[in-house]
>>> print(open('input.cif').read())   # mmCIF, C-alpha atoms
data_coords
#
loop_
_atom_site.label_atom_id
_atom_site.label_comp_id
_atom_site.auth_asym_id
_atom_site.auth_seq_id
_atom_site.Cartn_x
_atom_site.Cartn_y
_atom_site.Cartn_z
CA MET A 1 2.94 34.89 10.45
CA ARG A 2 1.16 31.77 9.18
CA TRP A 3 1.65 29.41 12.10
CA GLY A 4 -0.20 26.50 10.52
CA THR A 5 1.95 26.64 7.41
CA TYR A 6 5.13 27.06 9.46
CA PHE A 7 4.41 23.90 11.46
CA ALA A 8 3.28 21.94 8.39
CA VAL A 9 6.43 22.71 6.38
CA THR A 10 8.64 22.20 9.43
CA SER A 11 6.96 18.85 10.12
CA ALA A 12 7.48 17.70 6.52
CA VAL A 13 11.20 18.45 6.61
CA ILE A 14 11.56 16.94 10.10
CA ILE A 15 9.97 13.71 8.84
CA VAL A 16 12.70 13.60 6.18
CA GLY A 17 15.27 13.79 8.99
CA LEU A 18 13.74 10.76 10.71
CA ALA A 19 13.78 8.77 7.47
CA LEU A 20 17.42 9.69 6.88
CA GLY A 21 18.28 8.87 10.49
CA VAL A 22 17.09 5.32 9.87
CA THR A 23 18.38 4.69 6.36
CA LEU A 24 21.86 6.24 6.48
CA PRO A 25 23.28 4.09 9.30
CA LEU A 26 21.27 1.10 8.03
CA VAL A 27 22.97 1.28 4.63
CA SER A 28 26.43 1.61 6.20
CA LEU A 29 25.87 -1.27 8.62
CA ARG A 30 24.48 -3.43 5.83
CA LEU A 31 27.57 -2.77 3.71
CA GLU A 32 29.80 -3.51 6.70
CA SER A 33 28.06 -6.86 7.13
CA TRP A 34 28.62 -7.58 3.43
CA GLY A 35 32.37 -7.13 3.97
CA TYR A 36 32.92 -3.70 2.39
CA GLY A 37 35.69 -1.50 3.82
CA PRO A 38 35.54 2.14 4.98
CA PHE A 39 36.38 3.55 1.55
CA ALA A 40 33.56 1.67 -0.20
CA ILE A 41 31.17 2.74 2.55
CA GLY A 42 32.43 6.30 2.17
CA VAL A 43 31.76 6.18 -1.58
CA MET A 44 28.20 5.05 -0.92
CA ALA A 45 27.76 7.80 1.67
CA GLY A 46 29.03 10.35 -0.85
CA MET A 47 26.55 9.46 -3.60
CA PRO A 48 23.69 11.57 -2.22
CA ALA A 49 26.12 14.48 -2.22
CA ILE A 50 26.41 14.25 -6.00
CA GLY A 51 22.63 14.22 -6.04
CA VAL A 52 22.66 17.38 -3.93
CA LEU A 53 24.82 19.14 -6.51
CA LEU A 54 22.39 18.16 -9.26
CA GLY A 55 19.25 18.79 -7.23
CA ALA A 56 20.26 22.33 -6.26
CA ARG A 57 20.46 23.25 -9.95
CA LEU A 58 17.04 21.73 -10.70
CA THR A 59 15.14 23.24 -7.77
CA GLY A 60 14.34 26.63 -9.29
CA ARG A 61 13.22 25.20 -12.59
CA LEU A 62 10.97 22.59 -10.95
CA ALA A 63 9.43 25.13 -8.56
CA GLY A 64 8.95 27.60 -11.41
CA TRP A 65 7.14 25.02 -13.50
CA LEU A 66 5.11 23.22 -10.83
CA GLY A 67 4.97 25.60 -7.86
CA THR A 68 6.75 25.13 -4.57
CA PRO A 69 4.15 23.02 -2.69
CA ARG A 70 3.61 20.60 -5.57
CA THR A 71 7.35 20.27 -6.17
CA LEU A 72 7.92 19.42 -2.50
CA ARG A 73 5.21 16.76 -2.53
CA LEU A 74 6.45 15.12 -5.74
CA CYS A 75 10.04 14.99 -4.51
CA LEU A 76 8.99 13.42 -1.21
CA LEU A 77 7.12 10.72 -3.14
CA ALA A 78 10.12 10.15 -5.42
CA SER A 79 12.34 9.74 -2.35
CA ALA A 80 9.92 7.21 -0.87
CA VAL A 81 10.04 5.10 -4.03
CA SER A 82 13.86 5.21 -4.10
CA VAL A 83 14.15 4.16 -0.44
CA GLY A 84 11.75 1.27 -1.04
CA MET A 85 13.89 0.12 -3.95
CA LEU A 86 16.88 -0.18 -1.58
CA ALA A 87 15.03 -3.07 0.07
CA LEU A 88 14.06 -4.68 -3.23
CA LEU A 89 17.46 -4.39 -4.96
CA PRO A 90 20.27 -5.39 -2.52
CA SER A 91 23.15 -4.63 -4.89
CA TYR A 92 26.04 -2.23 -4.31
CA PRO A 93 26.05 -0.76 -7.88
CA LEU A 94 22.26 -0.31 -7.89
CA TRP A 95 22.35 1.24 -4.44
CA LEU A 96 24.78 3.84 -5.76
CA VAL A 97 22.20 4.90 -8.35
CA LEU A 98 19.33 4.89 -5.86
CA ARG A 99 21.28 6.93 -3.34
CA LEU A 100 21.99 9.43 -6.13
CA LEU A 101 18.26 9.75 -6.86
CA ILE A 102 17.49 10.17 -3.16
CA GLY A 103 20.06 12.97 -2.98
CA ILE A 104 18.51 14.81 -5.92
CA SER A 105 14.92 14.65 -4.68
CA LEU A 106 15.62 15.46 -1.03
CA THR A 107 17.80 18.42 -2.00
CA VAL A 108 14.78 20.02 -3.65
CA VAL A 109 12.83 19.39 -0.43
CA PHE A 110 15.48 21.05 1.74
CA VAL A 111 16.06 24.08 -0.49
CA LEU A 112 12.38 24.90 -0.87
CA GLY A 113 11.38 23.83 2.64
CA GLU A 114 14.03 25.90 4.41
CA SER A 115 13.35 28.87 2.13
CA TRP A 116 9.65 28.62 2.93
CA ILE A 117 10.33 28.49 6.68
CA ASN A 118 12.75 31.42 6.61
CA GLN A 119 10.30 33.44 4.51
CA LEU A 120 7.46 32.90 6.98
CA VAL A 121 9.16 33.86 10.25
CA GLU A 122 9.30 37.43 11.55
CA GLU A 123 12.71 39.00 12.11
CA ARG A 124 12.22 39.37 15.86
CA LEU A 125 11.49 35.61 16.10
CA ARG A 126 13.90 34.43 13.41
CA GLY A 127 16.56 33.01 15.71
CA ARG A 128 14.26 30.93 17.88
CA LEU A 129 11.94 29.71 15.10
CA VAL A 130 14.75 28.69 12.76
CA ALA A 131 16.43 27.02 15.75
CA LEU A 132 13.14 25.28 16.61
CA TYR A 133 13.17 23.81 13.12
CA GLY A 134 16.80 22.79 13.59
CA THR A 135 16.02 21.22 16.94
CA GLY A 136 13.15 19.23 15.50
CA PHE A 137 15.24 18.07 12.58
CA ALA A 138 18.10 16.99 14.87
CA LEU A 139 15.68 15.17 17.19
CA SER A 140 14.21 13.35 14.22
CA GLN A 141 17.67 12.22 13.15
CA LEU A 142 18.39 11.17 16.73
CA SER A 143 15.24 9.08 16.74
CA GLY A 144 16.37 7.34 13.55
CA PRO A 145 19.38 5.45 14.98
CA LEU A 146 17.46 4.76 18.21
CA LEU A 147 14.58 3.36 16.19
CA LEU A 148 17.04 1.27 14.22
CA THR A 149 18.37 -0.27 17.43
CA LEU A 150 14.81 -1.39 18.23
CA ILE A 151 13.89 -2.85 14.84
CA GLY A 152 17.38 -4.14 14.04
CA SER A 153 19.54 -3.77 10.95
CA GLU A 154 19.32 -7.37 9.75
CA GLY A 155 16.01 -7.07 7.86
CA ASP A 156 14.46 -4.49 5.52
CA LEU A 157 11.87 -3.06 7.92
CA GLY A 158 13.95 0.11 8.31
CA PHE A 159 13.78 0.83 4.58
CA TRP A 160 10.00 0.32 4.41
CA LEU A 161 9.42 2.41 7.52
CA SER A 162 11.43 5.26 6.01
CA ALA A 163 9.51 5.07 2.75
CA GLY A 164 6.24 5.31 4.69
CA LEU A 165 7.50 8.33 6.62
CA LEU A 166 8.34 10.16 3.38
CA VAL A 167 4.83 9.52 2.08
CA ALA A 168 3.46 10.93 5.36
CA GLY A 169 5.64 14.03 4.92
CA CYS A 170 4.06 14.57 1.52
CA SER A 171 0.55 14.41 2.95
CA VAL A 172 1.03 17.16 5.58
CA LEU A 173 1.80 19.75 2.88
CA PHE A 174 -1.65 19.68 1.26
CA GLY A 175 -3.64 22.90 1.58
CA HIS A 176 -0.82 25.28 2.51
CA SER A 177 0.43 28.36 0.65
CA GLY A 178 2.65 31.39 1.23
CA ALA A 179 5.86 29.95 -0.23
CA PRO A 180 8.55 32.31 -1.62
CA ARG A 181 8.00 33.45 -5.18
CA VAL A 182 10.30 31.46 -7.45
CA ASP A 183 11.14 31.85 -11.13
CA ALA A 184 12.75 29.20 -13.28
CA HIS A 185 16.28 30.51 -12.68
CA SER A 186 16.22 31.20 -8.94
CA ALA A 187 18.15 28.13 -7.85
CA ALA A 188 20.12 27.30 -10.95
CA GLY A 189 23.45 27.71 -9.14
CA ARG A 190 24.59 31.00 -10.68
CA GLY A 191 26.36 33.25 -8.21
CA LEU A 192 27.84 30.49 -6.04
CA LEU A 193 31.36 31.88 -6.30
CA VAL A 194 30.11 35.35 -5.37
CA PHE A 195 28.31 33.88 -2.36
CA CYS A 196 31.50 32.11 -1.23
CA ARG A 197 33.66 35.20 -1.73
CA LYS A 198 31.33 37.56 0.11
CA LEU A 199 30.23 35.22 2.89
CA PRO A 200 33.18 32.80 3.21
CA ALA A 201 32.58 31.90 6.88
CA ILE A 202 28.94 30.99 6.23
CA ALA A 203 29.88 29.06 3.08
CA TRP A 204 32.53 27.01 4.88
CA ALA A 205 30.26 26.47 7.91
CA VAL A 206 27.71 24.82 5.62
CA VAL A 207 30.38 22.61 4.01
CA LEU A 208 31.72 21.66 7.42
CA PHE A 209 28.35 20.82 8.94
CA ALA A 210 27.34 18.79 5.88
CA ALA A 211 30.54 16.76 6.19
CA PHE A 212 29.89 16.36 9.91
CA GLU A 213 26.32 15.17 9.45
CA ALA A 214 27.15 12.74 6.67
CA MET A 215 30.01 11.26 8.70
CA VAL A 216 28.06 11.01 11.97
CA LEU A 217 25.27 9.00 10.37
CA THR A 218 27.46 6.85 8.13
CA LEU A 219 31.08 6.59 9.28
CA LEU A 220 30.91 7.37 13.01
CA PRO A 221 29.22 4.03 13.86
CA VAL A 222 31.85 2.23 11.75
CA TYR A 223 34.66 4.23 13.42
CA LEU A 224 33.36 3.27 16.85
CA LEU A 225 32.96 -0.39 15.88
CA ARG A 226 36.59 -0.46 14.77
CA GLU A 227 37.62 1.14 18.06
CA GLY A 228 36.17 -1.80 19.98
CA PHE A 229 32.58 -0.76 20.76
CA ASP A 230 29.68 -3.11 20.04
CA GLN A 231 27.04 -2.16 17.47
CA LYS A 232 24.40 -1.09 19.99
CA THR A 233 26.84 1.17 21.85
CA ALA A 234 28.17 2.60 18.59
CA LEU A 235 24.66 3.56 17.47
CA LEU A 236 23.92 4.99 20.91
CA MET A 237 27.07 7.14 20.81
CA ALA A 238 26.15 8.42 17.36
CA SER A 239 22.72 9.28 18.75
CA VAL A 240 24.32 11.19 21.66
CA VAL A 241 26.08 13.41 19.13
CA VAL A 242 22.72 14.23 17.58
CA VAL A 243 21.29 14.80 21.09
CA GLY A 244 23.87 17.54 21.57
CA ASP A 245 22.88 19.02 18.22
CA ALA A 246 19.20 18.90 19.16
CA LEU A 247 19.24 20.03 22.77
CA LEU A 248 21.31 23.17 22.35
CA GLN A 249 19.98 24.56 19.06
CA LEU A 250 16.97 26.27 20.63
CA PRO A 251 19.12 27.98 23.33
CA ILE A 252 21.47 29.08 20.56
CA GLY A 253 18.50 30.46 18.60
CA LEU A 254 17.19 32.32 21.64
CA LEU A 255 20.62 33.87 22.17
CA ALA A 256 20.78 34.78 18.48
CA ASP A 257 17.77 37.07 19.01
CA ARG A 258 19.49 38.81 21.94
CA VAL A 259 23.28 38.91 21.38
CA PRO A 260 25.46 39.42 18.29
CA ARG A 261 24.98 36.44 16.00
CA GLU A 262 28.56 36.74 14.71
CA LEU A 263 29.91 36.17 18.24
CA LEU A 264 27.85 33.00 18.68
CA PHE A 265 29.06 31.79 15.30
CA ARG A 266 32.70 32.16 16.35
CA ILE A 267 32.14 30.48 19.72
CA CYS A 268 30.57 27.46 18.03
CA GLY A 269 33.62 27.13 15.78
CA VAL A 270 36.04 27.21 18.72
CA VAL A 271 34.03 24.61 20.67
CA LEU A 272 33.89 22.32 17.62
CA LEU A 273 37.66 22.60 17.18
CA LEU A 274 38.43 21.75 20.81
CA SER A 275 35.88 18.94 21.10
CA SER A 276 37.10 17.30 17.88
CA LEU A 277 40.69 17.28 19.12
CA ALA A 278 39.60 15.80 22.45
CA ILE A 279 37.72 12.78 21.04
CA PRO A 280 40.68 10.42 20.40
CA PRO A 281 42.30 10.74 23.87
CA LEU A 282 38.94 10.61 25.70
CA LEU A 283 37.20 8.00 23.54
CA HIS A 284 37.38 5.19 26.11
CA THR A 285 36.72 7.33 29.19
CA PRO A 286 33.44 8.45 30.81
CA LEU A 287 34.16 11.99 29.61
CA ILE A 288 33.41 10.95 26.04
CA TRP A 289 29.64 11.22 26.64
CA PRO A 290 29.48 14.96 27.51
CA LEU A 291 32.18 15.57 24.91
CA LEU A 292 30.00 14.03 22.20
CA VAL A 293 27.17 16.35 23.26
CA LEU A 294 29.41 19.40 22.80
CA PHE A 295 30.69 18.00 19.51
CA GLY A 296 27.16 17.75 18.13
CA ALA A 297 25.91 21.04 19.59
CA SER A 298 28.77 23.14 18.21
CA ALA A 299 28.52 21.63 14.73
CA GLY A 300 24.75 22.05 14.65
CA GLY A 301 25.10 25.63 15.84
CA LEU A 302 27.17 26.46 12.76
CA TYR A 303 24.37 25.42 10.42
CA THR A 304 21.54 26.96 12.45
CA LEU A 305 23.32 30.31 12.61
CA SER A 306 24.09 30.11 8.89
CA LEU A 307 20.37 29.77 8.12
CA ILE A 308 19.50 32.58 10.55
CA LEU A 309 21.98 34.98 8.94
CA VAL A 310 20.94 34.10 5.39
CA GLY A 311 17.28 34.65 6.32
CA GLN A 312 18.27 37.98 7.86
CA PHE A 313 20.02 39.07 4.65
CA TYR A 314 17.59 37.90 1.91
CA ARG A 315 13.91 37.59 0.97
CA ASP A 316 11.81 35.93 -1.74
CA ASP A 317 13.73 35.05 -4.91
CA ALA A 318 17.12 35.98 -3.46
CA LEU A 319 16.41 33.80 -0.42
CA VAL A 320 15.70 30.76 -2.60
CA ARG A 321 18.86 31.47 -4.58
CA ALA A 322 20.91 31.71 -1.38
CA ASN A 323 19.45 28.43 -0.12
CA ALA A 324 20.30 26.82 -3.46
CA HIS A 325 23.91 27.93 -2.93
CA ILE A 326 23.75 26.44 0.56
CA ALA A 327 22.49 23.18 -0.95
CA LEU A 328 25.37 23.13 -3.43
CA LEU A 329 27.83 23.72 -0.62
CA TRP A 330 26.06 21.05 1.40
CA GLY A 331 26.64 18.64 -1.48
CA VAL A 332 30.33 19.49 -1.51
CA GLY A 333 30.57 18.79 2.21
CA CYS A 334 28.59 15.54 1.99
CA LEU A 335 30.87 14.41 -0.83
CA LEU A 336 34.23 15.46 0.58
CA GLY A 337 33.56 14.46 4.19
CA PRO A 338 32.80 10.74 3.81
CA LEU A 339 35.20 10.21 0.89
CA SER A 340 38.18 11.88 2.57
CA THR A 341 37.43 10.33 5.96
CA GLY A 342 36.86 6.88 4.50
CA ALA A 343 40.14 7.02 2.61
CA ALA A 344 42.09 8.49 5.53
CA SER A 345 40.59 5.95 7.97
CA GLN A 346 41.64 3.05 5.78
CA TRP A 347 45.10 4.22 4.76
CA LEU A 348 46.30 6.89 7.23
CA SER A 349 44.75 6.91 10.71
CA GLY A 350 41.89 5.20 12.50
CA HIS A 351 41.09 8.56 14.15
CA ALA A 352 40.73 10.38 10.82
CA LEU A 353 37.11 11.39 11.46
CA PRO A 354 37.64 13.64 14.52
CA LEU A 355 41.00 14.90 13.27
CA LEU A 356 39.60 16.01 9.91
CA MET A 357 36.70 17.71 11.71
CA ALA A 358 39.23 19.58 13.84
CA ALA A 359 41.07 20.75 10.72
CA GLY A 360 37.81 21.99 9.19
CA ALA A 361 36.85 23.79 12.40
CA ALA A 362 40.24 25.49 12.50
CA LEU A 363 39.68 26.86 8.99
CA PHE A 364 36.23 28.14 9.98
CA VAL A 365 37.65 29.92 13.05
CA TYR A 366 40.20 31.63 10.80
CA LEU A 367 37.53 32.75 8.30
CA ALA A 368 35.10 33.90 10.99
CA TRP A 369 37.64 36.27 12.50
CA GLN A 370 38.41 38.05 9.23
CA ARG A 371 37.25 41.63 8.81
CA GLY A 372 33.88 41.84 7.04
CA ALA A 373 33.22 38.09 7.37
CA PHE A 374 29.50 38.72 8.02
CA ARG A 375 28.81 41.77 5.86
CA ALA A 376 25.63 41.18 3.85
CA PRO A 377 26.31 41.12 0.07
CA GLN A 378 24.05 43.17 -2.16
CA THR A 379 23.75 40.54 -4.89
CA LEU A 380 24.32 36.83 -5.43
CA THR A 381 24.75 36.92 -9.19
CA GLY A 382 27.61 37.65 -11.47
CA ASP A 383 30.19 34.91 -10.81
#
>>> encode(input="input.cif", output="structure tokens")
Amino acid sequence: MRWGTYFAVTSAVIIVGLALGVTLPLVSLRLESWGYGPFAIGVMAGMPAIGVLLGARLTGRLAGWLGTPRTLRLCLLASAVSVGMLALLPSYPLWLVLRLLIGISLTVVFVLGESWINQLVEERLRGRLVALYGTGFALSQLSGPLLLTLIGSEGDLGFWLSAGLLVAGCSVLFGHSGAPRVDAHSAAGRGLLVFCRKLPAIAWAVVLFAAFEAMVLTLLPVYLLREGFDQKTALLMASVVVVGDALLQLPIGLLADRVPRELLFRICGVVLLLSSLAIPPLLHTPLIWPLLVLFGASAGGLYTLSLILVGQFYRDDALVRANAHIALLWGVGCLLGPLSTGAASQWLSGHALPLLMAAGAALFVYLAWQRGAFRAPQTLTGD
């Protein structure tokens, strides 16, 4: 167990979470101030998802050519440049392109970073150490909206701060080794359909959490503004959701090393379903605050347990390939979540966000209770 490398790679990915926690709501609030509606904001929020789909197919080739550490550093620098350009080019069409580039580069960071972390940890510590990474990442995203409330969304300081954080994330990776062995075809996307067929509950959990995360950081503040909350309260409520995600991931990881991981997975799905359904009737009551904590914790638990199970099933090249599939599924969720919620919010129901999350959670609960839902596949190729 290389503890120094574990904390360095974890820190680099956590720094990305802080940068995203600042820029995602900042972009949405800026577009809202420019007069754009929920659908246009949803389109902007969905652009990084297209980048995810492209980035997941490039990851293996880039890591095969350049090596994992160098690829991570270059993609962090590319993300920093793209975020800085958001401040320099305040134009909706140009922002679409920049958000696409950010999605591509950060996808490479997540695929290789999470593979590296899962490769390093020992099986007996897998639950708690993967959850520790998840907790740190959630806390970094929580700090993003809180930091934005301090510096304000009117100027461009948030963009420049995020760019500086990404450069810092690049610097902490120097001098570390022990990454998974990767060839040029490891993360090219082949085998995605096999992965979805053999591990459907895990596949849908990733899609669902990606949709959740994209909507919490982009559309949840807008949803709350339209329900009568002021901007500061809306950002605080979005942060409370991430608090729930952060605070309970480590307990979930500790339990995952002691009780059946499949049972925890199912419980998280049920809690997400119930908490999503309860948001509209409890939105303007004091109960909304603990409810938002449960909402965030249950959604975050789905992703943490997905990573734990994938790390349990695979090693080395197969682990990178599985994480590339997760990235592709993440892109699908990031794309479908904001687009469908933005459209439904504008043309169907103002409460589309929690109701669509409830529908997704219901599908996960169904998949998780099927026979063989968590049987480890022998291969990820051949779709």
>>> resolve_selection(input="input.cif", expression="the PyMOL selection byres ((chain A and resi 80) around 9)", output="number ranges by chain")
A: 75-79, 81-85, 102, 160, 162-167
>>> atom_distance(input="input.cif", atom1="atom CA of Ala45 of chain A", atom2="atom CA of Ala214 of chain A")
7.1 Å
>>> closest_residue(input="input.cif", among="A:Leu248, A:Val365, A:Val52, A:Ile117", to="Gly296 of chain A", atoms="only C-alpha atoms")
A:Leu248
>>> closest_residue(input="input.cif", among="A:Leu74, A:Phe374, A:Pro200, A:Ser11", to="Leu132 of chain A", atoms="all atoms listed in the file")
A:Ser11
>>> resolve_selection(input="input.cif", expression="the PyMOL selection byres ((chain A and resi 131) around 7)", output="PDB file with C-alpha atoms, in the coordinates of the input")
ATOM      1  CA  GLY A 127      16.560  33.010  15.710  1.00  0.00           C
ATOM      2  CA  ARG A 128      14.260  30.930  17.880  1.00  0.00           C
ATOM      3  CA  LEU A 129      11.940  29.710  15.100  1.00  0.00           C
ATOM      4  CA  VAL A 130      14.750  28.690  12.760  1.00  0.00           C
ATOM      5  CA  LEU A 132      13.140  25.280  16.610  1.00  0.00           C
ATOM      6  CA  TYR A 133      13.170  23.810  13.120  1.00  0.00           C
ATOM      7  CA  GLY A 134      16.800  22.790  13.590  1.00  0.00           C
ATOM      8  CA  THR A 135      16.020  21.220  16.940  1.00  0.00           C
ATOM      9  CA  GLN A 249      19.980  24.560  19.060  1.00  0.00           C
ATOM     10  CA  LEU A 250      16.970  26.270  20.630  1.00  0.00           C
ATOM     11  CA  GLY A 253      18.500  30.460  18.600  1.00  0.00           C
ATOM     12  CA  THR A 304      21.540  26.960  12.450  1.00  0.00           C
TER      13      THR A 304
END
>>> atom_distance(input="input.cif", atom1="atom CA of Leu142 of chain A", atom2="atom CA of Val241 of chain A")
8.4 Å
>>> resolve_selection(input="input.cif", expression="the PyMOL selection byres ((chain A and resi 333-338) around 7)", output="CSV table (one decimal) with C-alpha atoms, keeping the file's coordinate frame")
chain,number,residue,atom,x,y,z
A,42,GLY,CA,32.4,6.3,2.2
A,45,ALA,CA,27.8,7.8,1.7
A,46,GLY,CA,29.0,10.4,-0.8
A,49,ALA,CA,26.1,14.5,-2.2
A,50,ILE,CA,26.4,14.2,-6.0
A,207,VAL,CA,30.4,22.6,4.0
A,208,LEU,CA,31.7,21.7,7.4
A,210,ALA,CA,27.3,18.8,5.9
A,211,ALA,CA,30.5,16.8,6.2
A,214,ALA,CA,27.2,12.7,6.7
A,215,MET,CA,30.0,11.3,8.7
A,329,LEU,CA,27.8,23.7,-0.6
A,330,TRP,CA,26.1,21.0,1.4
A,331,GLY,CA,26.6,18.6,-1.5
A,332,VAL,CA,30.3,19.5,-1.5
A,339,LEU,CA,35.2,10.2,0.9
A,340,SER,CA,38.2,11.9,2.6
A,341,THR,CA,37.4,10.3,6.0
A,342,GLY,CA,36.9,6.9,4.5
>>> residues_around(input="input.cif", residues="Ala256 of chain A", least_positions_apart="6", cutoff="9 Å", atoms="all atoms listed in the file", output="list in words")
Arg126, Gly127, Arg128, Glu262, Leu264, Leu305 and Ile308 of chain A
>>> write_last_selection(input="input.cif", atoms="C-alpha atoms", output="PDB file, keeping the file's coordinate frame")
ATOM      1  CA  ARG A 126      13.900  34.430  13.410  1.00  0.00           C
ATOM      2  CA  GLY A 127      16.560  33.010  15.710  1.00  0.00           C
ATOM      3  CA  ARG A 128      14.260  30.930  17.880  1.00  0.00           C
ATOM      4  CA  GLU A 262      28.560  36.740  14.710  1.00  0.00           C
ATOM      5  CA  LEU A 264      27.850  33.000  18.680  1.00  0.00           C
ATOM      6  CA  LEU A 305      23.320  30.310  12.610  1.00  0.00           C
ATOM      7  CA  ILE A 308      19.500  32.580  10.550  1.00  0.00           C
TER       8      ILE A 308
END
>>> atom_distance(input="input.cif", atom1="atom CA of Gly158 of chain A", atom2="atom CA of Ala87 of chain A")
8.9 Å
>>> closest_residue(input="input.cif", among="A:Leu120, A:Phe110, A:Leu157, A:Pro25", to="Phe7 of chain A", atoms="only C-alpha atoms")
A:Leu120
>>> residues_around(input="input.cif", residues="His325 of chain A", least_positions_apart="2", cutoff="8 Å", atoms="all atoms listed in the file", output="PyMOL selection string")
chain A and resi 56+187+189+191-192+195+321-323+327-329
